[in-house]
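Dumped run_13.pdb below, it's PDB, C-alpha atoms:
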```
MODEL        1
ATOM      1  CA  MET J 294      71.854  43.698  22.614
ATOM      2  CA  SER J 295      73.524  42.613  19.410
ATOM      3  CA  TYR J 296      72.458  43.384  15.863
ATOM      4  CA  LYS J 297      72.868  41.255  12.772
ATOM      5  CA  ILE J 298      73.297  43.058   9.449
ATOM      6  CA  GLU J 299      71.401  41.768   6.421
ATOM      7  CA  THR J 300      71.025  43.091   2.892
ATOM      8  CA  PHE J 301      67.919  43.446   0.776
ATOM      9  CA  LYS J 302      67.907  42.416  -2.898
ATOM     10  CA  ALA J 303      67.503  46.037  -4.082
ATOM     11  CA  PHE J 304      70.573  46.949  -2.018
ATOM     12  CA  ASN J 305      72.606  44.098  -3.523
ATOM     13  CA  ARG J 306      71.665  45.125  -7.057
ATOM     14  CA  GLU J 307      72.570  48.796  -6.540
ATOM     15  CA  PHE J 308      75.720  47.958  -4.590
ATOM     16  CA  LYS J 309      76.974  45.776  -7.441
ATOM     17  CA  ARG J 310      76.352  48.567  -9.957
ATOM     18  CA  LEU J 311      78.070  51.213  -7.814
ATOM     19  CA  TYR J 312      80.985  48.904  -6.940
ATOM     20  CA  LYS J 313      81.911  48.706 -10.629
ATOM     21  CA  LYS J 314      82.167  52.491 -10.620
ATOM     22  CA  TYR J 315      83.782  52.958  -7.176
ATOM     23  CA  PRO J 316      86.302  50.212  -6.221
ATOM     24  CA  SER J 317      86.579  51.432  -2.606
ATOM     25  CA  LEU J 318      82.875  50.831  -1.968
ATOM     26  CA  LYS J 319      83.443  47.396  -0.428
ATOM     27  CA  GLN J 320      85.797  48.831   2.214
ATOM     28  CA  ASP J 321      83.520  51.833   2.744
ATOM     29  CA  LEU J 322      80.587  49.506   3.387
ATOM     30  CA  ALA J 323      82.671  47.361   5.759
ATOM     31  CA  LYS J 324      83.372  50.513   7.795
ATOM     32  CA  LEU J 325      79.654  51.312   7.839
ATOM     33  CA  GLY J 326      78.978  47.758   9.050
ATOM     34  CA  GLU J 327      81.401  48.290  11.942
ATOM     35  CA  ASP J 328      79.678  51.567  12.807
ATOM     36  CA  LEU J 329      76.241  49.918  12.681
ATOM     37  CA  ALA J 330      77.421  47.125  14.978
ATOM     38  CA  ILE J 331      78.311  49.765  17.574
ATOM     39  CA  ASN J 332      75.229  51.940  17.035
ATOM     40  CA  PRO J 333      72.456  50.670  14.727
ATOM     41  CA  PHE J 334      70.611  53.981  15.073
ATOM     42  CA  ILE J 335      73.060  56.246  13.237
ATOM     43  CA  GLY J 336      71.764  58.498  10.487
ATOM     44  CA  VAL J 337      68.576  60.469  10.035
ATOM     45  CA  ASP J 338      65.418  58.903  11.471
ATOM     46  CA  LEU J 339      62.747  58.572   8.771
ATOM     47  CA  GLY J 340      60.237  56.939  11.128
ATOM     48  CA  HIS J 341      58.935  53.372  11.402
ATOM     49  CA  GLY J 342      62.437  51.930  11.960
ATOM     50  CA  LEU J 343      63.832  53.488   8.764
ATOM     51  CA  ARG J 344      67.034  55.537   8.703
ATOM     52  CA  LYS J 345      69.059  57.336   6.029
ATOM     53  CA  ILE J 346      72.814  57.163   6.522
ATOM     54  CA  ARG J 347      75.383  59.330   4.760
ATOM     55  CA  MET J 348      78.439  57.326   3.706
ATOM     56  CA  ALA J 349      81.655  58.615   2.152
ATOM     57  CA  ILE J 350      82.952  56.827  -0.942
ATOM     58  CA  GLY J 351      86.735  56.802  -0.757
ATOM     59  CA  SER J 352      87.124  56.464  -4.541
ATOM     60  CA  LYS J 353      85.316  59.772  -5.030
ATOM     61  CA  GLY J 354      87.541  61.606  -2.553
ATOM     62  CA  LYS J 355      84.824  64.109  -1.683
ATOM     63  CA  GLY J 356      83.525  63.080   1.761
ATOM     64  CA  LYS J 357      80.076  62.167   3.023
ATOM     65  CA  SER J 358      78.178  65.047   1.445
ATOM     66  CA  HIS J 359      79.081  63.812  -2.049
ATOM     67  CA  GLY J 360      79.101  60.104  -1.204
ATOM     68  CA  ALA J 361      76.376  57.498  -0.978
ATOM     69  CA  ARG J 362      73.173  57.231   0.987
ATOM     70  CA  VAL J 363      72.136  53.957   2.594
ATOM     71  CA  ILE J 364      68.549  53.365   3.688
ATOM     72  CA  THR J 365      68.266  50.923   6.595
ATOM     73  CA  TYR J 366      65.471  49.261   8.516
ATOM     74  CA  THR J 367      66.149  48.297  12.130
ATOM     75  CA  SER J 368      64.028  45.763  13.976
ATOM     76  CA  THR J 369      64.338  44.130  17.368
ATOM     77  CA  VAL J 370      63.518  40.475  17.750
ATOM     78  CA  ILE J 371      61.376  39.914  20.815
ATOM     79  CA  ASN J 372      63.151  37.120  22.669
ATOM     80  CA  VAL J 373      65.276  36.634  25.760
ATOM     81  CA  SER J 374      68.418  38.020  24.131
ATOM     82  CA  GLY J 375      66.625  40.962  22.495
ATOM     83  CA  ASP J 376      68.748  40.627  19.372
ATOM     84  CA  GLY J 377      68.043  42.919  16.465
ATOM     85  CA  VAL J 378      68.444  43.045  12.722
ATOM     86  CA  VAL J 379      69.622  45.973  10.618
ATOM     87  CA  THR J 380      68.555  45.475   7.013
ATOM     88  CA  LEU J 381      70.306  47.515   4.336
ATOM     89  CA  LEU J 382      67.386  48.280   2.012
ATOM     90  CA  THR J 383      69.025  50.308  -0.733
ATOM     91  CA  ILE J 384      72.039  52.440  -1.562
ATOM     92  CA  TYR J 385      72.364  55.314  -3.985
ATOM     93  CA  ASP J 386      75.028  57.747  -5.137
ATOM     94  CA  LYS J 387      74.263  61.304  -4.046
ATOM     95  CA  GLY J 388      75.808  62.479  -7.329
ATOM     96  CA  GLU J 389      73.227  60.498  -9.331
ATOM     97  CA  ARG J 390      70.135  61.415  -7.345
ATOM     98  CA  ASP J 391      69.374  63.927  -4.634
ATOM     99  CA  SER J 392      67.059  61.870  -2.474
ATOM    100  CA  ILE J 393      64.724  58.918  -2.298
ATOM    101  CA  SER J 394      61.061  59.478  -1.592
ATOM    102  CA  LEU J 395      59.171  57.791   1.209
ATOM    103  CA  GLU J 396      56.908  56.331  -1.499
ATOM    104  CA  GLU J 397      59.897  54.582  -3.093
ATOM    105  CA  ILE J 398      60.957  53.236   0.297
ATOM    106  CA  LYS J 399      57.393  52.065   0.936
ATOM    107  CA  ASP J 400      57.421  50.245  -2.425
ATOM    108  CA  LEU J 401      60.695  48.547  -1.420
ATOM    109  CA  MET J 402      59.184  47.453   1.884
ATOM    110  CA  GLU J 403      56.102  46.061   0.134
ATOM    111  CA  SER J 404      58.316  43.882  -2.076
ATOM    112  CA  TRP J 405      60.035  42.447   1.025
ATOM    113  CA  ASP J 406      58.520  38.966   0.726
ATOM    114  CA  GLN J 407      58.696  38.670  -3.055
TER     115      GLN J 407
ENDMDL
END
```

Can the structure in the file be given as structure tokens, please?
Amino acid sequence: MSYKIETFKAFNREFKRLYKKYPSLKQDLAKLGEDLAINPFIGVDLGHGLRKIRMAIGSKGKGKSHGARVITYTSTVINVSGDGVVTLLTIYDKGERDSISLEEIKDLMESWDQ
């Protein structure tokens, strides 16, 4: 089974903002993409296909615990190949906020088609 990685508009907006602050973020995200291609189910399971992944930001030099958090949604397409999609919903700096509530994630999911 192979997984395609897509990004959500909220992710793109936050990534752009954080990239201005942390120049290594593009390479850090590329590494996460490689990891997700191998195992799309890394991170903490939040239920309903949602996961929270800890990601180090090289520019910060402090490791995963002080890095970023990426919220993903993993779905499997029901077809012969059984391909799946990992959607990067949002990203946030652990130094700027401690966590994201399930309500906020639900709001993101509701704006999916807009």

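Here atom CA of Leu322 of chain J and atom CA of Ser394 of chain J stand 22.5 Å from one another.
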
Item to check | Nearest-residue call for Val363 of chain J, choices J:Glu397, J:Asp386, J:Asp338, J:Glu299, using only C-alpha atoms | outcome: J:Asp386

Next on the checklist: Report, in Å with one decimal, the straight-line distance from atom CA of Ser392 of chain J to atom CA of Val337 of chain J.
Outcome noted: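 Atom-to-atom, atom CA of Ser392 of chain J to atom CA of Val337 of chain J, that is 12.7 Å.
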
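Against this structure, the PyMOL selection byres ((chain J and resi 312) around 12) ends up with J:Phe304, J:Asn305, J:Arg306, J:Glu307, J:Phe308, J:Lys309, J:Arg310, J:Leu311, J:Lys313, J:Lys314, J:Tyr315, J:Pro316, J:Ser317, J:Leu318, J:Lys319, J:Gln320, J:Asp321, J:Leu322, J:Ile350, J:Gly351, J:Ser352, J:Lys353, J:Ala361, J:Ile384, J:Tyr385, J:Asp386.
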
Write out the residues from the selection above, keeping C-alpha atoms, as a PDB file, in the frame of the given file.
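Listing of part.pdb after writing:
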```
ATOM      1  CA  PHE J 304      70.573  46.949  -2.018  1.00  0.00           C
ATOM      2  CA  ASN J 305      72.606  44.098  -3.523  1.00  0.00           C
ATOM      3  CA  ARG J 306      71.665  45.125  -7.057  1.00  0.00           C
ATOM      4  CA  GLU J 307      72.570  48.796  -6.540  1.00  0.00           C
ATOM      5  CA  PHE J 308      75.720  47.958  -4.590  1.00  0.00           C
ATOM      6  CA  LYS J 309      76.974  45.776  -7.441  1.00  0.00           C
ATOM      7  CA  ARG J 310      76.352  48.567  -9.957  1.00  0.00           C
ATOM      8  CA  LEU J 311      78.070  51.213  -7.814  1.00  0.00           C
ATOM      9  CA  LYS J 313      81.911  48.706 -10.629  1.00  0.00           C
ATOM     10  CA  LYS J 314      82.167  52.491 -10.620  1.00  0.00           C
ATOM     11  CA  TYR J 315      83.782  52.958  -7.176  1.00  0.00           C
ATOM     12  CA  PRO J 316      86.302  50.212  -6.221  1.00  0.00           C
ATOM     13  CA  SER J 317      86.579  51.432  -2.606  1.00  0.00           C
ATOM     14  CA  LEU J 318      82.875  50.831  -1.968  1.00  0.00           C
ATOM     15  CA  LYS J 319      83.443  47.396  -0.428  1.00  0.00           C
ATOM     16  CA  GLN J 320      85.797  48.831   2.214  1.00  0.00           C
ATOM     17  CA  ASP J 321      83.520  51.833   2.744  1.00  0.00           C
ATOM     18  CA  LEU J 322      80.587  49.506   3.387  1.00  0.00           C
ATOM     19  CA  ILE J 350      82.952  56.827  -0.942  1.00  0.00           C
ATOM     20  CA  GLY J 351      86.735  56.802  -0.757  1.00  0.00           C
ATOM     21  CA  SER J 352      87.124  56.464  -4.541  1.00  0.00           C
ATOM     22  CA  LYS J 353      85.316  59.772  -5.030  1.00  0.00           C
ATOM     23  CA  ALA J 361      76.376  57.498  -0.978  1.00  0.00           C
ATOM     24  CA  ILE J 384      72.039  52.440  -1.562  1.00  0.00           C
ATOM     25  CA  TYR J 385      72.364  55.314  -3.985  1.00  0.00           C
ATOM     26  CA  ASP J 386      75.028  57.747  -5.137  1.00  0.00           C
TER      27      ASP J 386
END
```

Checklist entry - For Leu343 of chain J, which residue among J:Lys387, J:Thr367, J:Leu395, J:Lys302 is the nearest when counting all atoms listed in the file? => result J:Thr367

Checklist entry - What is the atom CA of Tyr296 of chain J-atom CA of Ala349 of chain J distance in Å, reported with one decimal? => result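 Here the two named atoms are 22.5 Å from each other.
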
Item to check | Long-range neighbours of Trp405 of chain J as a ChimeraX atom specification, 12 Å cut-off, all atoms listed in the file, 2 positions minimum in chain | outcome: /J:300-304,366,380-382,398-403,407

Item to check | Selection dump of the PyMOL selection byres ((chain J and resi 335) around 12), as a ChimeraX atom specification | outcome: /J:325-334,336-339,342-348,363-367,379

Edge lengths and centre, in Å to one decimal, as lines of an AutoDock Vina configuration file: that's what I need for the box along x, y and z that holds all listed atoms of segment 357-365 of chain J plus 4 Å on each side.
```
center_x = 74.2
center_y = 58.0
center_z = 2.3
size_x = 19.8
size_y = 22.1
size_z = 16.6
```
